[in-house]
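Taking it in order: structure first as structure tokens, then the write-up.
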Amino acid sequence: MKIKLHVWRQLNPESKGAMETYSLDGVNPDMSFLEMMDMLNEQLIEEGKEGVAFDHDCREGVCGACSMVINGEAHGPKRETTTCQLYMRHFSDGAEIYVEPFRSGAFPIIRDLMVDRSAFDRIIQSGGFISNHSGPKPEPNSIPIDPGVAETALDAASCIGCGACVAACPNGSAMLFTAAKVSHLGMLPQGQTERYDRVQDMTTQMEEEGFGSCRNYAECEAQCPKGISIAFIGRMNSDFLKASLVEPVDRRGKMKAQ
Ligand code: SF4
Ligand code: FES
């Protein structure tokens, strides 16, 4: 296959970026998109030029690192697919492909296609955990969980924190990511102790990071590589409302003075 690539190049966060055009010949249709990017980098290095910087880790659709916008869509044109699992056979011979970084004020560009998504880490640190001391391990089946609830919690837990929802949203909202993280812990018995603190702390951190608010565009769901449903945003809003109506329960170690 012959491919014409238009790739965003930017030396550092301060410099002005621009699209650069490259031609690749001999692309195997069974190559993944990242293998095609590797091929581009080998070609650039042979020409004595700097390779394109892009993030990747697992290359198995698990880590969420391979964030890039391909032809205007986060992770490219194939639904429920990460960039590392997108194959060149999904493009036609002679295709022109535009590759850009995820664009959001809360995800500053580091270099070329790499962005800083540490805002997501700070949202997780603000409440995406269960701090109960688990004690001696109980027999797993001693905590009955409705299979439907367990399935839904598992659906939420499949979020890989890639940030495509933010890149896809015209408002740069991180509601789908935050809702998935709030829900997968808040639906299970072990997550109840901090359930209402968690939703308040994580949504507060989300706002402090500068993400936009949800306007129901549903672009996040459309471009999420794990097919996370926007129904989780409704669930998070409901928990947030309950949290603001009930007396908040302080976590152990943070009790107010009597
Ligand atoms: S909700 Fe989907 S798009 Fe957003 S971070 Fe999680 S996996 Fe990625
Ligand atoms: S490189 Fe890990 S999900 Fe793509």
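Ordering of the structure tokens sets the chain letters (A, B, ...), residue numbers begin anew at 1 in every chain, and ligands are numbered from 1 in the order given.
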**Message:** Hey, which residues sit close to ligand 1? Say within 9 Å, counting only C-alpha atoms and all ligand atoms, and write them as an MDAnalysis selection string.
**Reply:** chainID A and resid 64 74 80 82 120 156:168 174:181 220:230
**Request:** Identify all residues of range 7-256 of chain A in alpha helix (DSSP H) (DSSP on the backbone) and supply them as a ChimeraX atom specification.
**Result:** /A:33-46,118-127,147-157,164-168,175-186,195-208,219-223,231-245
List every residue of chain A that has an atom at most 7 Å from any atom of ligand 2, and for each one report the closest atom pair and its distance in Å to one decimal, counting only C-alpha atoms and all ligand atoms, with rows sorted by chain and then by increasing residue number, as a Markdown table.
```
| residue | atom | partner | partner_atom_place_in_ligand_line | distance |
| --- | --- | --- | --- | --- |
| A:His56 | CA | ligand 2 | 1 (S) | 4.0 |
| A:Asp57 | CA | ligand 2 | 1 (S) | 4.5 |
| A:Cys58 | CA | ligand 2 | 2 (Fe) | 3.9 |
| A:Arg59 | CA | ligand 2 | 1 (S) | 3.6 |
| A:Glu60 | CA | ligand 2 | 2 (Fe) | 5.4 |
| A:Gly61 | CA | ligand 2 | 3 (S) | 3.4 |
| A:Val62 | CA | ligand 2 | 3 (S) | 4.4 |
| A:Cys63 | CA | ligand 2 | 2 (Fe) | 3.8 |
| A:Gly64 | CA | ligand 2 | 3 (S) | 3.9 |
| A:Ala65 | CA | ligand 2 | 2 (Fe) | 5.1 |
| A:Cys66 | CA | ligand 2 | 4 (Fe) | 4.3 |
| A:Thr82 | CA | ligand 2 | 4 (Fe) | 5.6 |
| A:Thr83 | CA | ligand 2 | 4 (Fe) | 5.8 |
| A:Cys84 | CA | ligand 2 | 4 (Fe) | 4.3 |
| A:Gln85 | CA | ligand 2 | 4 (Fe) | 6.9 |
```
**Prompt:** Between A:Ser92, A:Asn171, A:Ser183, A:Gln200, which one has atoms that come closest to Pro29 in chain A, using only C-alpha atoms?
**Reply:**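 Using only C-alpha atoms, Pro29 in chain A sits closest to A:Ser92.
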**Message:** From the options A:Met187, A:Met206, A:Met1, A:Met88, which residue's atoms come nearest to Ile145 in chain A, counting only C-alpha atoms?
**Reply:**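 So, comparing all the options, the nearest one is A:Met187.
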**Asked** Gln10 in chain A: which residues within 7 Å, counting only C-alpha atoms, same-chain residues fewer than 4 positions away excluded, as a PyMOL selection string?
**Response** chain A and resi 15-18+111-112
Residues from the last selection, C-alpha atoms, saved as a tab-separated table (two decimals), in the first residue's frame:
```tsv
chain	number	residue	atom	x	y	z
A	15	SER	CA	6.90	25.98	20.08
A	16	LYS	CA	4.37	26.49	17.32
A	17	GLY	CA	3.37	23.19	15.69
A	18	ALA	CA	2.48	22.48	12.07
A	111	ARG	CA	5.98	16.85	21.71
A	112	ASP	CA	4.43	15.91	18.33
```
**Prompt:** Taking the backbone alone, and naming residues the way the document does, which bits of range 2-251 of chain A are strand (DSSP E) by DSSP, as JSON, numbers by chain?
**Reply:** {"A": [2, 3, 4, 5, 6, 7, 8, 9, 18, 19, 20, 21, 22, 23, 24, 25, 69, 70, 73, 74, 96, 97, 98, 99, 100, 109, 110, 111, 114, 115]}
**Message:** Excluding Leu245 in chain A and its own-chain neighbours fewer than 5 positions away, which residues fall within 12 Å of it when counting only C-alpha atoms? Please give them as a list in words.
**Reply:** Tyr196, Gln200, Ser238, Asp239 and Phe240 of chain A
Mind writing the picked residues with C-alpha atoms as a compact mmCIF listing (two decimals), in the first residue's frame?
```
# COMPACT_ATOMS: atom_id res chain seq x y z
CA TYR A 196 -20.47 10.01 48.31
CA GLN A 200 -17.73 14.90 45.24
CA SER A 238 -27.53 11.03 40.47
CA ASP A 239 -24.88 10.08 43.06
CA PHE A 240 -23.62 13.68 43.08
```
**Message:** Rounded to one decimal, what separation in Å do you get between CA of Glu151 in chain A and CA of His184 in chain A?
**Reply:**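 Answer for the CA of Glu151 in chain A to CA of His184 in chain A separation: 9.9 Å.
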**Counting only C-alpha atoms, the option among A:Leu34, A:Leu113, A:Val27, A:Ile70 closest to Arg89 in chain A** =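 Under the stated criterion, the closest residue is A:Val27.
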**Request:** Please identify all polymer residues within 7 Å of Ser126 in chain A, counting only C-alpha atoms, omitting same-chain residues fewer than 4 positions from it, and present them as a PyMOL selection string.
**Result:** chain A and resi 122+201-202+205
**Asked** What lies within 12 Å of Lys242 in chain A using only C-alpha atoms, ignoring chain neighbours under 4 positions off, as an MDAnalysis selection string?
**Response** chainID A and resid 195:197 199:200 235:238 246:248
**Asked** Taking only C-alpha atoms into account, which of A:Lys137, A:Glu100, A:Leu5, A:Asp55 comes nearest Arg117 in chain A?
**Response** A:Asp55
**Request:** Skip Tyr87 in chain A itself and residues of its chain fewer than 6 positions away, then list as an NGL selection string all residues within 8 Å of it, counting only C-alpha atoms.
**Result:** :A and (29-33)
Generate a file of the selected residues that holds C-alpha atoms, formatted as a CSV table (one decimal), in the first residue's frame.
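The result, stored in out_13.csv:
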```
chain,number,residue,atom,x,y,z
A,29,PRO,CA,-2.3,-4.0,5.1
A,30,ASP,CA,-1.8,-6.3,8.2
A,31,MET,CA,0.4,-3.8,9.9
A,32,SER,CA,-1.2,-2.0,12.9
A,33,PHE,CA,-1.4,1.8,12.8
```
**Message:** One decimal, in Å: what's the spacing between CA of Arg79 in chain A and CA of Ala150 in chain A?
**Reply:**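 If I compute the distance from CA of Arg79 in chain A to CA of Ala150 in chain A, I get 24.7 Å.
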**Between CA of Leu154 in chain A and CA of Gly127 in chain A, distance in Å (one decimal)** =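 Separating CA of Leu154 in chain A from CA of Gly127 in chain A is a distance of 18.2 Å.
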